[in-house]
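Raw final-v4.csv, CSV, C-alpha atoms:
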chain,number,residue,atom,x,y,z
A,514,MET,CA,-47.1,-112.4,-28.3
A,515,GLU,CA,-48.4,-115.8,-27.3
A,516,TRP,CA,-51.1,-114.3,-25.1
A,517,LEU,CA,-52.3,-112.2,-28.0
A,518,ALA,CA,-52.3,-115.2,-30.3
A,519,ALA,CA,-54.4,-117.2,-27.8
A,520,TYR,CA,-56.8,-114.6,-26.5
A,521,ALA,CA,-56.9,-111.8,-29.0
A,522,PRO,CA,-56.3,-113.1,-32.5
A,523,PRO,CA,-57.3,-109.8,-34.3
A,524,SER,CA,-54.7,-107.9,-32.3
A,525,TYR,CA,-52.1,-110.6,-32.9
A,526,ALA,CA,-52.8,-110.5,-36.7
A,527,ALA,CA,-52.3,-106.7,-36.6
A,528,LEU,CA,-48.7,-107.1,-35.4
A,529,ARG,CA,-46.1,-106.5,-38.1
A,530,PRO,CA,-43.2,-109.0,-38.6
A,531,GLY,CA,-40.1,-108.4,-36.5
A,532,ALA,CA,-37.3,-106.2,-37.7
A,533,SER,CA,-34.0,-107.6,-38.8
A,534,ASP,CA,-30.7,-106.3,-37.3
A,535,ASP,CA,-30.0,-104.6,-40.6
A,536,GLU,CA,-33.3,-102.8,-40.6
A,537,ILE,CA,-32.7,-101.6,-37.0
A,538,ALA,CA,-29.1,-100.5,-37.9
A,539,ALA,CA,-30.5,-98.6,-40.9
A,540,LEU,CA,-32.9,-96.8,-38.6
A,541,GLU,CA,-30.1,-95.9,-36.2
A,542,THR,CA,-28.2,-94.4,-39.1
A,543,THR,CA,-31.2,-92.4,-40.2
A,544,LEU,CA,-31.9,-91.1,-36.7
A,545,GLY,CA,-28.3,-90.4,-35.9
A,546,ALA,CA,-28.7,-92.1,-32.5
A,547,SER,CA,-28.2,-95.5,-31.0
A,548,VAL,CA,-31.3,-97.5,-30.1
A,549,PRO,CA,-31.2,-99.1,-26.6
A,550,GLU,CA,-31.0,-102.9,-26.6
A,551,GLU,CA,-34.3,-103.4,-24.8
A,552,LEU,CA,-36.1,-101.5,-27.6
A,553,LYS,CA,-34.2,-103.5,-30.2
A,554,ALA,CA,-35.4,-106.7,-28.6
A,555,LEU,CA,-39.0,-105.5,-28.8
A,556,TRP,CA,-38.7,-104.6,-32.5
A,557,ARG,CA,-37.1,-107.9,-33.3
A,558,LEU,CA,-40.3,-109.5,-32.0
A,559,THR,CA,-42.6,-107.1,-33.9
A,560,ALA,CA,-41.8,-103.9,-35.8
A,561,GLY,CA,-45.0,-102.1,-34.9
A,562,GLU,CA,-48.7,-102.8,-35.4
A,563,ASP,CA,-51.5,-101.7,-37.7
A,564,GLY,CA,-54.1,-101.5,-34.9
A,565,VAL,CA,-57.6,-102.9,-34.8
A,566,ALA,CA,-60.5,-100.5,-35.4
A,567,GLY,CA,-58.2,-97.5,-34.9
A,568,ALA,CA,-56.9,-98.7,-31.5
A,569,GLY,CA,-53.5,-99.9,-30.3
A,570,LEU,CA,-52.9,-102.9,-28.1
A,571,MET,CA,-50.2,-101.5,-25.8
A,572,MET,CA,-51.2,-100.8,-22.1
A,573,GLY,CA,-52.4,-97.2,-21.9
A,574,THR,CA,-54.2,-97.7,-25.2
A,575,TRP,CA,-51.0,-96.8,-27.0
A,576,ALA,CA,-50.2,-98.2,-30.5
A,577,LEU,CA,-46.7,-99.7,-31.1
A,578,MET,CA,-45.3,-97.6,-34.0
A,579,PRO,CA,-44.0,-99.0,-37.2
A,580,LEU,CA,-40.3,-98.1,-37.9
A,581,ASN,CA,-41.2,-95.6,-40.6
A,582,ALA,CA,-43.4,-93.8,-38.1
A,583,VAL,CA,-40.6,-93.8,-35.6
A,584,ILE,CA,-38.4,-92.1,-38.1
A,585,GLU,CA,-41.1,-89.5,-39.1
A,586,VAL,CA,-41.9,-88.6,-35.5
A,587,HIS,CA,-38.2,-88.3,-34.5
A,588,ARG,CA,-37.4,-86.1,-37.5
A,589,ARG,CA,-40.5,-83.9,-36.8
A,590,HIS,CA,-39.5,-83.3,-33.2
A,591,MET,CA,-35.9,-82.7,-34.1
A,592,ARG,CA,-37.0,-80.1,-36.6
A,593,PHE,CA,-39.1,-78.4,-33.9
A,594,GLN,CA,-36.0,-78.5,-31.6
A,595,GLU,CA,-33.8,-76.8,-34.3
A,596,GLU,CA,-36.4,-74.2,-35.1
A,597,SER,CA,-36.8,-73.3,-31.4
A,598,GLY,CA,-33.1,-72.3,-31.1
A,599,GLU,CA,-33.1,-73.6,-27.6
A,600,TYR,CA,-29.9,-75.5,-26.7
A,601,ASP,CA,-30.1,-75.7,-23.0
A,602,ASP,CA,-30.5,-79.4,-22.1
A,603,GLU,CA,-33.0,-78.6,-19.4
A,604,LEU,CA,-35.3,-76.8,-21.8
A,605,ALA,CA,-34.8,-78.9,-24.9
A,606,LEU,CA,-37.9,-79.8,-26.8
A,607,TRP,CA,-36.3,-83.0,-28.1
A,608,LYS,CA,-33.0,-84.8,-28.1
A,609,PRO,CA,-31.5,-87.3,-30.7
A,610,SER,CA,-31.4,-90.0,-27.9
A,611,TRP,CA,-35.2,-89.8,-27.4
A,612,ILE,CA,-36.6,-92.7,-29.4
A,613,PRO,CA,-40.4,-92.7,-29.9
A,614,PHE,CA,-42.0,-96.1,-29.9
A,615,CYS,CA,-45.7,-95.7,-29.2
A,616,SER,CA,-48.3,-93.3,-30.4
A,617,TYR,CA,-51.8,-92.3,-29.5
A,618,SER,CA,-53.2,-94.5,-32.2
A,619,PRO,CA,-51.9,-96.1,-35.4
A,620,ASP,CA,-52.9,-92.9,-37.3
A,621,ASP,CA,-52.3,-90.2,-34.7
A,622,THR,CA,-48.8,-89.4,-33.6
A,623,THR,CA,-49.5,-86.1,-31.9
A,624,TYR,CA,-49.1,-87.9,-28.5
A,625,GLY,CA,-47.0,-90.9,-27.6
A,626,LEU,CA,-44.3,-92.6,-25.6
A,627,TYR,CA,-40.5,-92.3,-26.1
A,628,LEU,CA,-37.5,-94.0,-24.6
A,629,ASN,CA,-34.8,-91.8,-23.2
A,630,GLY,CA,-31.7,-93.5,-24.6
A,631,GLU,CA,-29.5,-91.9,-22.0
A,632,THR,CA,-31.5,-92.8,-18.8
A,633,GLY,CA,-33.6,-95.8,-20.0
A,634,GLU,CA,-36.7,-94.1,-18.7
A,635,VAL,CA,-40.0,-94.0,-20.6
A,636,TYR,CA,-41.6,-90.5,-21.1
A,637,ARG,CA,-44.8,-89.2,-22.7
A,638,TRP,CA,-44.8,-86.5,-25.3
A,639,SER,CA,-47.7,-84.3,-26.4
A,640,ARG,CA,-48.4,-81.5,-28.8
A,641,PHE,CA,-48.1,-79.1,-25.8
A,642,ASN,CA,-44.4,-80.2,-25.2
A,643,GLU,CA,-45.3,-81.9,-22.0
A,644,ARG,CA,-42.7,-84.6,-21.0
A,645,PRO,CA,-43.9,-86.4,-17.9
A,646,ARG,CA,-42.1,-89.6,-16.9
A,647,GLU,CA,-44.4,-92.6,-17.3
A,648,HIS,CA,-42.2,-95.6,-16.4
A,649,ARG,CA,-38.8,-96.1,-14.9
A,650,SER,CA,-37.8,-98.3,-17.9
A,651,LEU,CA,-39.1,-100.0,-21.0
A,652,PRO,CA,-38.8,-103.5,-19.4
A,653,ALA,CA,-40.7,-102.2,-16.4
A,654,TYR,CA,-43.5,-101.0,-18.7
A,655,LEU,CA,-43.7,-104.3,-20.6
A,656,GLU,CA,-43.5,-106.3,-17.4
A,657,LEU,CA,-46.5,-104.4,-15.9
A,658,MET,CA,-48.4,-105.0,-19.1
A,659,ALA,CA,-47.6,-108.7,-19.1
A,660,VAL,CA,-48.6,-109.1,-15.4
A,661,SER,CA,-51.9,-107.3,-16.1
A,662,LEU,CA,-52.7,-109.7,-18.9
A,663,GLU,CA,-51.6,-112.9,-17.2
A,664,ALA,CA,-53.1,-112.0,-13.8
A,665,PRO,CA,-55.8,-109.4,-14.7
A,666,PHE,CA,-57.2,-109.2,-11.1
A,667,THR,CA,-53.9,-107.8,-10.0
A,668,ALA,CA,-53.8,-105.2,-12.8
A,669,ALA,CA,-52.6,-101.9,-11.3
A,670,GLY,CA,-53.8,-98.5,-12.4
A,671,PRO,CA,-57.1,-97.4,-13.8
A,672,GLU,CA,-56.9,-99.3,-17.1
A,673,LYS,CA,-57.7,-103.0,-17.3
A,674,PRO,CA,-57.3,-105.5,-20.2
A,675,GLY,CA,-60.5,-106.2,-22.0
A,676,MET,CA,-61.9,-107.4,-25.4
A,677,MET,CA,-63.9,-105.7,-28.1
A,678,GLY,CA,-64.6,-107.6,-31.2
A,679,GLY,CA,-62.0,-110.2,-30.2
A,680,ALA,CA,-59.3,-107.5,-30.0
A,681,LEU,CA,-57.4,-106.4,-26.9
A,682,VAL,CA,-58.6,-103.0,-25.8
A,683,TRP,CA,-57.5,-101.4,-22.5
A,684,GLY,CA,-60.4,-99.8,-20.7
A,685,PRO,CA,-63.1,-99.3,-19.9
A,686,PRO,CA,-63.3,-97.0,-22.9
A,687,ALA,CA,-64.4,-93.5,-22.2
A,688,HIS,CA,-66.7,-93.4,-25.2
A,689,GLU,CA,-70.1,-94.7,-24.2
A,690,GLU,CA,-70.8,-96.7,-27.4
A,691,ARG,CA,-67.4,-98.4,-27.3
A,692,GLY,CA,-67.8,-99.0,-23.6
A,693,GLU,CA,-71.0,-101.0,-24.2
A,694,ARG,CA,-69.1,-103.4,-26.4
A,695,TRP,CA,-66.1,-103.7,-24.2
A,696,VAL,CA,-65.8,-106.8,-22.0
A,697,ARG,CA,-63.2,-107.0,-19.3
A,698,HIS,CA,-60.7,-109.9,-19.4
A,699,LEU,CA,-60.8,-111.8,-16.2
A,700,GLY,CA,-58.3,-114.5,-17.0
A,701,GLN,CA,-60.6,-116.9,-18.8
A,702,ALA,CA,-59.0,-119.8,-20.7
A,703,PRO,CA,-58.9,-119.2,-24.4
A,704,PRO,CA,-61.7,-121.2,-26.2
A,705,PRO,CA,-60.4,-124.5,-27.8
A,706,TYR,CA,-62.7,-124.0,-30.8
A,707,PRO,CA,-63.6,-121.0,-33.0
A,708,ALA,CA,-66.5,-118.8,-32.0
A,709,LYS,CA,-69.8,-119.5,-33.5
A,710,THR,CA,-69.8,-116.5,-35.8
A,711,LEU,CA,-69.6,-116.8,-39.6
A,712,GLY,CA,-66.3,-114.8,-39.7
A,713,SER,CA,-64.6,-116.9,-37.1
A,714,ILE,CA,-65.8,-120.1,-38.7
A,715,ARG,CA,-64.5,-119.1,-42.1
A,716,GLU,CA,-61.1,-118.2,-40.7
A,717,ALA,CA,-60.9,-121.6,-39.0
A,718,LEU,CA,-61.6,-123.5,-42.2
A,719,PRO,CA,-58.8,-124.9,-44.4
A,720,GLY,CA,-58.2,-122.6,-47.3
A,721,ALA,CA,-59.5,-125.2,-49.8
A,722,GLU,CA,-62.9,-125.2,-48.1
A,723,ARG,CA,-63.5,-121.4,-47.9
A,724,ALA,CA,-64.8,-121.1,-51.5
A,725,GLU,CA,-67.5,-123.6,-50.8
A,726,PHE,CA,-68.3,-121.9,-47.5
A,727,ASP,CA,-68.6,-118.5,-49.3
A,728,GLY,CA,-70.8,-119.8,-52.0
A,729,ARG,CA,-73.2,-121.5,-49.6
A,730,ARG,CA,-73.2,-118.5,-47.3
A,731,ASP,CA,-74.0,-116.1,-50.2
A,732,ALA,CA,-77.0,-118.4,-51.2
A,733,LEU,CA,-78.3,-118.4,-47.7
A,734,ASP,CA,-81.6,-116.8,-46.8
A,735,LEU,CA,-80.5,-114.5,-44.0
A,736,ALA,CA,-84.2,-113.8,-43.2
A,737,ASP,CA,-84.6,-117.4,-42.2
A,738,PRO,CA,-83.1,-117.8,-38.6
A,739,GLU,CA,-83.5,-121.6,-38.7
A,740,ALA,CA,-81.6,-121.9,-41.9
A,741,VAL,CA,-78.9,-119.5,-40.7
A,742,ALA,CA,-78.5,-121.5,-37.4
A,743,ALA,CA,-78.3,-124.8,-39.3
A,744,PHE,CA,-75.7,-123.4,-41.7
A,745,ARG,CA,-73.6,-122.1,-38.8
A,746,ASP,CA,-73.8,-125.3,-36.8
A,747,HIS,CA,-72.8,-127.4,-39.8
A,748,TRP,CA,-69.8,-125.3,-40.8
A,749,TRP,CA,-68.7,-124.9,-37.2
A,750,GLU,CA,-68.6,-128.7,-36.8
A,751,ARG,CA,-66.5,-128.9,-40.0
A,752,ALA,CA,-64.1,-126.2,-38.8
A,753,ALA,CA,-63.8,-127.9,-35.4
A,754,ARG,CA,-63.0,-131.2,-37.1
A,755,ALA,CA,-60.5,-129.6,-39.4
A,756,GLN,CA,-58.8,-128.0,-36.4
A,757,GLU,CA,-58.7,-131.4,-34.6
A,758,LYS,CA,-57.2,-133.0,-37.7
A,759,LEU,CA,-54.6,-130.3,-38.0
A,760,GLU,CA,-53.6,-130.6,-34.4
A,761,ASP,CA,-53.3,-134.4,-34.8
A,762,ASP,CA,-51.0,-133.9,-37.8
A,763,VAL,CA,-48.9,-131.4,-35.8
A,764,ALA,CA,-48.6,-133.8,-32.9
A,765,ALA,CA,-47.7,-136.7,-35.2
A,766,ALA,CA,-45.0,-134.6,-37.0
A,767,LEU,CA,-43.5,-133.5,-33.7
A,768,ARG,CA,-43.3,-137.2,-32.7
A,769,GLY,CA,-41.3,-137.9,-35.8
A,770,ASN,CA,-43.8,-139.2,-38.3
A,771,VAL,CA,-42.1,-138.4,-41.6
A,772,LEU,CA,-45.3,-139.1,-43.6
A,773,VAL,CA,-47.1,-136.1,-42.1
A,774,ASN,CA,-46.4,-132.7,-43.5
A,775,PRO,CA,-49.0,-130.3,-41.9
A,776,GLY,CA,-47.5,-127.3,-43.7
A,777,ARG,CA,-47.9,-128.8,-47.2
A,778,ASP,CA,-51.1,-127.0,-48.0
A,779,LEU,CA,-50.0,-123.5,-47.0
A,780,SER,CA,-51.9,-121.1,-49.2
A,781,PRO,CA,-50.1,-118.5,-51.3
A,782,GLU,CA,-51.4,-115.6,-49.2
A,783,TYR,CA,-49.5,-117.0,-46.2
A,784,GLU,CA,-46.6,-118.3,-48.2
A,785,ALA,CA,-45.9,-114.7,-49.1
A,786,THR,CA,-45.6,-113.6,-45.4
A,787,LEU,CA,-42.8,-116.1,-44.7
A,788,PRO,CA,-39.3,-114.8,-44.1
A,789,PRO,CA,-37.4,-115.3,-47.3
A,790,ALA,CA,-34.9,-117.6,-45.6
A,791,ILE,CA,-37.5,-120.3,-45.0
A,792,ARG,CA,-39.6,-120.1,-48.1
A,793,HIS,CA,-37.4,-122.7,-49.8
A,794,ARG,CA,-35.4,-125.7,-48.6
A,795,PRO,CA,-32.9,-126.2,-47.0
A,796,PRO,CA,-33.3,-123.7,-44.2
A,797,SER,CA,-30.7,-123.3,-41.4
A,798,ARG,CA,-31.4,-123.9,-37.8
A,799,ASP,CA,-31.1,-120.2,-37.0
A,800,ASP,CA,-33.6,-119.3,-39.8
A,801,ILE,CA,-36.1,-121.7,-38.4
A,802,HIS,CA,-35.6,-120.6,-34.9
A,803,ALA,CA,-36.2,-116.9,-35.9
A,804,ALA,CA,-39.4,-117.9,-37.8
A,805,LEU,CA,-41.0,-119.5,-34.7
A,806,ARG,CA,-42.6,-116.4,-33.2
A,807,HIS,CA,-43.5,-117.9,-29.8
A,808,GLU,CA,-41.1,-118.6,-27.0
A,809,SER,CA,-42.8,-121.9,-26.0
A,810,VAL,CA,-42.4,-123.2,-29.5
A,811,ARG,CA,-38.8,-122.1,-29.7
A,812,THR,CA,-38.1,-123.9,-26.4
A,813,ARG,CA,-39.6,-127.1,-27.8
A,814,PHE,CA,-37.5,-126.7,-31.0
A,815,ASN,CA,-34.3,-126.2,-28.9
A,816,ARG,CA,-35.2,-129.2,-26.7
A,817,ASP,CA,-35.7,-131.4,-29.7
A,818,PHE,CA,-32.3,-130.5,-31.0
A,819,MET,CA,-30.7,-131.1,-27.6
A,820,ASP,CA,-32.3,-134.6,-27.4
A,821,ALA,CA,-31.4,-135.6,-31.0
A,822,VAL,CA,-28.1,-137.1,-32.2
A,823,PRO,CA,-26.3,-135.3,-35.1
A,824,PRO,CA,-27.2,-137.8,-37.8
A,825,HIS,CA,-30.9,-137.1,-37.1
A,826,TRP,CA,-30.5,-133.3,-37.4
A,827,PRO,CA,-31.3,-133.0,-41.1
A,828,ALA,CA,-34.6,-134.8,-40.7
A,829,LEU,CA,-35.3,-132.7,-37.6
A,830,LEU,CA,-34.6,-129.5,-39.6
A,831,LEU,CA,-37.1,-130.5,-42.3
A,832,ARG,CA,-39.7,-131.4,-39.8
A,833,TRP,CA,-39.4,-128.0,-38.0
A,834,TRP,CA,-39.2,-126.2,-41.3
A,835,ASP,CA,-42.6,-127.6,-42.1
A,836,ILE,CA,-43.9,-126.5,-38.7
A,837,ALA,CA,-42.4,-123.0,-39.1
A,838,ARG,CA,-44.2,-122.7,-42.5
A,839,LEU,CA,-47.5,-123.9,-41.1
A,840,MET,CA,-47.4,-121.2,-38.4
A,841,ALA,CA,-47.6,-118.5,-41.0
A,842,ASP,CA,-51.3,-119.5,-41.3
A,843,PRO,CA,-53.3,-118.4,-38.2
A,844,ARG,CA,-54.9,-121.9,-38.2
A,845,GLY,CA,-51.5,-123.5,-38.1
A,846,ASP,CA,-50.3,-121.1,-35.5
A,847,ARG,CA,-53.2,-122.0,-33.2
A,848,ALA,CA,-52.7,-125.8,-33.8
A,849,VAL,CA,-49.0,-125.7,-33.1
A,850,ARG,CA,-49.4,-123.7,-29.9
A,851,ALA,CA,-52.3,-126.0,-28.8
A,852,VAL,CA,-50.0,-129.1,-29.1
A,853,ILE,CA,-46.9,-127.5,-27.6
A,854,ASN,CA,-48.8,-126.0,-24.7
A,855,GLY,CA,-50.9,-129.1,-24.0
A,856,ARG,CA,-54.2,-127.5,-25.0
A,857,ARG,CA,-55.2,-129.8,-27.8
A,858,THR,CA,-58.9,-130.1,-28.6
A,859,THR,CA,-58.5,-133.9,-28.9
A,860,GLY,CA,-57.4,-136.4,-26.3
So that I can check it, write out the structure of this file as structure tokens.
Amino acid sequence: MEWLAAYAPPSYAALRPGASDDEIAALETTLGASVPEELKALWRLTAGEDGVAGAGLMMGTWALMPLNAVIEVHRRHMRFQEESGEYDDELALWKPSWIPFCSYSPDDTTYGLYLNGETGEVYRWSRFNERPREHRSLPAYLELMAVSLEAPFTAAGPEKPGMMGGALVWGPPAHEERGERWVRHLGQAPPPYPAKTLGSIREALPGAERAEFDGRRDALDLADPEAVAAFRDHWWERAARAQEKLEDDVAAALRGNVLVNPGRDLSPEYEATLPPAIRHRPPSRDDIHAALRHESVRTRFNRDFMDAVPPHWPALLLRWWDIARLMADPRGDRAVRAVINGRRTTG
């Protein structure tokens, strides 16, 4: 999750929020099968993805399926199994304990990966009823993916992590046109500032400044390269300064400055994505912890509580409630991670 947020923001943005225990329990009831704990843990982090440009982010170019797609695919294959009339375990087309979790793409579920709930192994399914084993376990698959991202030169297998339009794409892609746009990831550090493209600059601006940006961009003569370059440079500097200011505010808040509330200007579009439990005061410690999507941020949150004395806990909760709200905005998410992980753009 943190790697995606730092290196592939479009892929990170395509992830759906994590599933609650109640949602997972409801899925188990619908499937009539228990979901292994390792898959539950993955779904608690993110309950699927919407994909970027029709491609998934999981190693093997698979897409992590939303829970409704998991139910639909499981039901479809169980129906095929019932229609086949085959009850020999060795020849079964599908079993209730086989839980699909990845598909060929966000829109194509004719192929995919499923977790065998009895053995813990990961298998591939296809329209031709092929069931080859792909990985000895789900943790082994995720670990291989993590190692390939963190240490790309050691990536095993034919597929390597790369970028296309800022999104994570495993490749090189077979399609020639996509292959020309694909750039292999070699472990470069994530850039501290937004890319100098109009889309990236706009995303990095505070919400209150985007209307002005849009108006001036729309009035720009795109046939004048000097005017376009001047416009881009001017707004890039504004976006970079805004990011520095936001990181300074986050750092001050984490040091205990009660006058700084970096989450105060959270726009309604991001407010709506917050977990209901932290939209309004006062949140609980568990609610805030669950809303902090990155492990490094949760570790800092836990450490702050360990270091604080009980009379200071209410103020600490309010401070971290503000941080959790801020992280619903991609700008805030980047700023908090930059401060927590020591990658601030300022000294």
Contact table segment 815-855 of chain A vs segment 779-788 of chain A, cut-off 12 Å, shortest pair per residue, only C-alpha atoms, as JSON lines:
{"residue": "A:Trp834", "atom": "CA", "partner": "A:Leu787", "partner_atom": "CA", "distance": 11.2}
{"residue": "A:Asp835", "atom": "CA", "partner": "A:Leu779", "partner_atom": "CA", "distance": 9.8}
{"residue": "A:Ile836", "atom": "CA", "partner": "A:Leu779", "partner_atom": "CA", "distance": 10.7}
{"residue": "A:Ala837", "atom": "CA", "partner": "A:Leu787", "partner_atom": "CA", "distance": 8.9}
{"residue": "A:Arg838", "atom": "CA", "partner": "A:Leu787", "partner_atom": "CA", "distance": 7.1}
{"residue": "A:Leu839", "atom": "CA", "partner": "A:Leu779", "partner_atom": "CA", "distance": 6.4}
{"residue": "A:Met840", "atom": "CA", "partner": "A:Tyr783", "partner_atom": "CA", "distance": 9.1}
{"residue": "A:Ala841", "atom": "CA", "partner": "A:Tyr783", "partner_atom": "CA", "distance": 5.7}
{"residue": "A:Asp842", "atom": "CA", "partner": "A:Tyr783", "partner_atom": "CA", "distance": 5.8}
{"residue": "A:Pro843", "atom": "CA", "partner": "A:Tyr783", "partner_atom": "CA", "distance": 9.0}
{"residue": "A:Arg844", "atom": "CA", "partner": "A:Leu779", "partner_atom": "CA", "distance": 10.2}
{"residue": "A:Gly845", "atom": "CA", "partner": "A:Leu779", "partner_atom": "CA", "distance": 9.0}
{"residue": "A:Asp846", "atom": "CA", "partner": "A:Tyr783", "partner_atom": "CA", "distance": 11.5}
- request: Choose the residue, out of A:Leu570, A:Ala766, A:Leu831, A:Ala736, that has the smallest atom-to-atom separation from Val682 of chain A; count only C-alpha atoms.
  value: A:Leu570
Closest pair table for segment 558-609 of chain A residues within 12 Å of segment 631-641 of chain A, all atoms listed in the file, as a tab-separated table:
residue	atom	partner	partner_atom	distance
A:Gly573	CA	A:Arg637	CA	11.1
A:Trp575	CA	A:Arg637	CA	10.7
A:Val586	CA	A:Trp638	CA	10.8
A:His587	CA	A:Trp638	CA	11.5
A:Arg589	CA	A:Arg640	CA	11.5
A:His590	CA	A:Trp638	CA	10.0
A:Phe593	CA	A:Arg640	CA	11.1
A:Leu606	CA	A:Trp638	CA	9.7
A:Trp607	CA	A:Trp638	CA	9.6
A:Lys608	CA	A:Glu631	CA	10.0
A:Pro609	CA	A:Glu631	CA	10.0
Mind dumping a table of every segment 588-640 of chain A residue within 12 Å of segment 552-555 of chain A, with the nearest atom pair and its distance in Å to one decimal, using all atoms listed in the file, sorted by chain and rising number, as CSV?
residue,atom,partner,partner_atom,distance
A:Trp611,CA,A:Leu552,CA,11.7
A:Ile612,CA,A:Leu552,CA,9.0
A:Pro613,CA,A:Leu552,CA,10.1
A:Phe614,CA,A:Leu552,CA,8.3
A:Cys615,CA,A:Leu552,CA,11.3
A:Tyr627,CA,A:Leu552,CA,10.3
A:Leu628,CA,A:Leu552,CA,8.2
A:Asn629,CA,A:Leu552,CA,10.7
A:Gly630,CA,A:Leu552,CA,9.6
A:Gly633,CA,A:Leu552,CA,9.8
A:Glu634,CA,A:Leu552,CA,11.6
A:Val635,CA,A:Leu552,CA,11.0
Option closest in space to Leu517 of chain A, from A:Ala680, A:Ala848, A:Ala664, A:Ile537 [counting only C-alpha atoms]: A:Ala680
message: Between atom CA of Leu580 of chain A and atom CA of Ser650 of chain A, what is the distance in Å, rounded to a tenth?
response: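 Interatomic distance here is 20.2 Å.
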Could I see segment 728-742 of chain A restored to N, CA and C atoms, set down as a PDB file, in the frame of the given file?
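Wrote it out as result_24.pdb, contents follow:
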ATOM      1  N   GLY A 728     -69.715-119.648 -51.102  1.00  0.00           N
ATOM      2  CA  GLY A 728     -70.800-119.800 -52.000  1.00  0.00           C
ATOM      3  C   GLY A 728     -72.117-120.191 -51.328  1.00  0.00           C
ATOM      4  N   ARG A 729     -72.025-121.089 -50.361  1.00  0.00           N
ATOM      5  CA  ARG A 729     -73.200-121.500 -49.600  1.00  0.00           C
ATOM      6  C   ARG A 729     -73.743-120.374 -48.723  1.00  0.00           C
ATOM      7  N   ARG A 730     -72.823-119.607 -48.172  1.00  0.00           N
ATOM      8  CA  ARG A 730     -73.200-118.500 -47.300  1.00  0.00           C
ATOM      9  C   ARG A 730     -73.958-117.423 -48.172  1.00  0.00           C
ATOM     10  N   ASP A 731     -73.431-117.146 -49.357  1.00  0.00           N
ATOM     11  CA  ASP A 731     -74.000-116.100 -50.200  1.00  0.00           C
ATOM     12  C   ASP A 731     -75.433-116.551 -50.687  1.00  0.00           C
ATOM     13  N   ALA A 732     -75.649-117.870 -50.784  1.00  0.00           N
ATOM     14  CA  ALA A 732     -77.000-118.400 -51.200  1.00  0.00           C
ATOM     15  C   ALA A 732     -77.939-118.508 -50.065  1.00  0.00           C
ATOM     16  N   LEU A 733     -77.472-118.237 -48.851  1.00  0.00           N
ATOM     17  CA  LEU A 733     -78.300-118.400 -47.700  1.00  0.00           C
ATOM     18  C   LEU A 733     -79.350-117.342 -47.533  1.00  0.00           C
ATOM     19  N   ASP A 734     -80.532-117.728 -47.109  1.00  0.00           N
ATOM     20  CA  ASP A 734     -81.600-116.800 -46.800  1.00  0.00           C
ATOM     21  C   ASP A 734     -81.404-116.230 -45.420  1.00  0.00           C
ATOM     22  N   LEU A 735     -80.822-115.051 -45.308  1.00  0.00           N
ATOM     23  CA  LEU A 735     -80.500-114.500 -44.000  1.00  0.00           C
ATOM     24  C   LEU A 735     -81.761-114.137 -43.199  1.00  0.00           C
ATOM     25  N   ALA A 736     -82.904-114.099 -43.868  1.00  0.00           N
ATOM     26  CA  ALA A 736     -84.200-113.800 -43.200  1.00  0.00           C
ATOM     27  C   ALA A 736     -84.751-115.036 -42.502  1.00  0.00           C
ATOM     28  N   ASP A 737     -84.138-116.186 -42.736  1.00  0.00           N
ATOM     29  CA  ASP A 737     -84.600-117.400 -42.200  1.00  0.00           C
ATOM     30  C   ASP A 737     -83.692-117.844 -41.016  1.00  0.00           C
ATOM     31  N   PRO A 738     -84.048-117.552 -39.761  1.00  0.00           N
ATOM     32  CA  PRO A 738     -83.100-117.800 -38.600  1.00  0.00           C
ATOM     33  C   PRO A 738     -82.801-119.302 -38.490  1.00  0.00           C
ATOM     34  N   GLU A 739     -83.740-120.183 -38.801  1.00  0.00           N
ATOM     35  CA  GLU A 739     -83.500-121.600 -38.700  1.00  0.00           C
ATOM     36  C   GLU A 739     -82.414-122.051 -39.701  1.00  0.00           C
ATOM     37  N   ALA A 740     -82.529-121.527 -40.910  1.00  0.00           N
ATOM     38  CA  ALA A 740     -81.600-121.900 -41.900  1.00  0.00           C
ATOM     39  C   ALA A 740     -80.173-121.331 -41.594  1.00  0.00           C
ATOM     40  N   VAL A 741     -80.135-120.127 -41.057  1.00  0.00           N
ATOM     41  CA  VAL A 741     -78.900-119.500 -40.700  1.00  0.00           C
ATOM     42  C   VAL A 741     -78.220-120.356 -39.540  1.00  0.00           C
ATOM     43  N   ALA A 742     -79.024-120.753 -38.547  1.00  0.00           N
ATOM     44  CA  ALA A 742     -78.500-121.500 -37.400  1.00  0.00           C
ATOM     45  C   ALA A 742     -77.987-122.892 -37.902  1.00  0.00           C
TER      46      ALA A 742
END
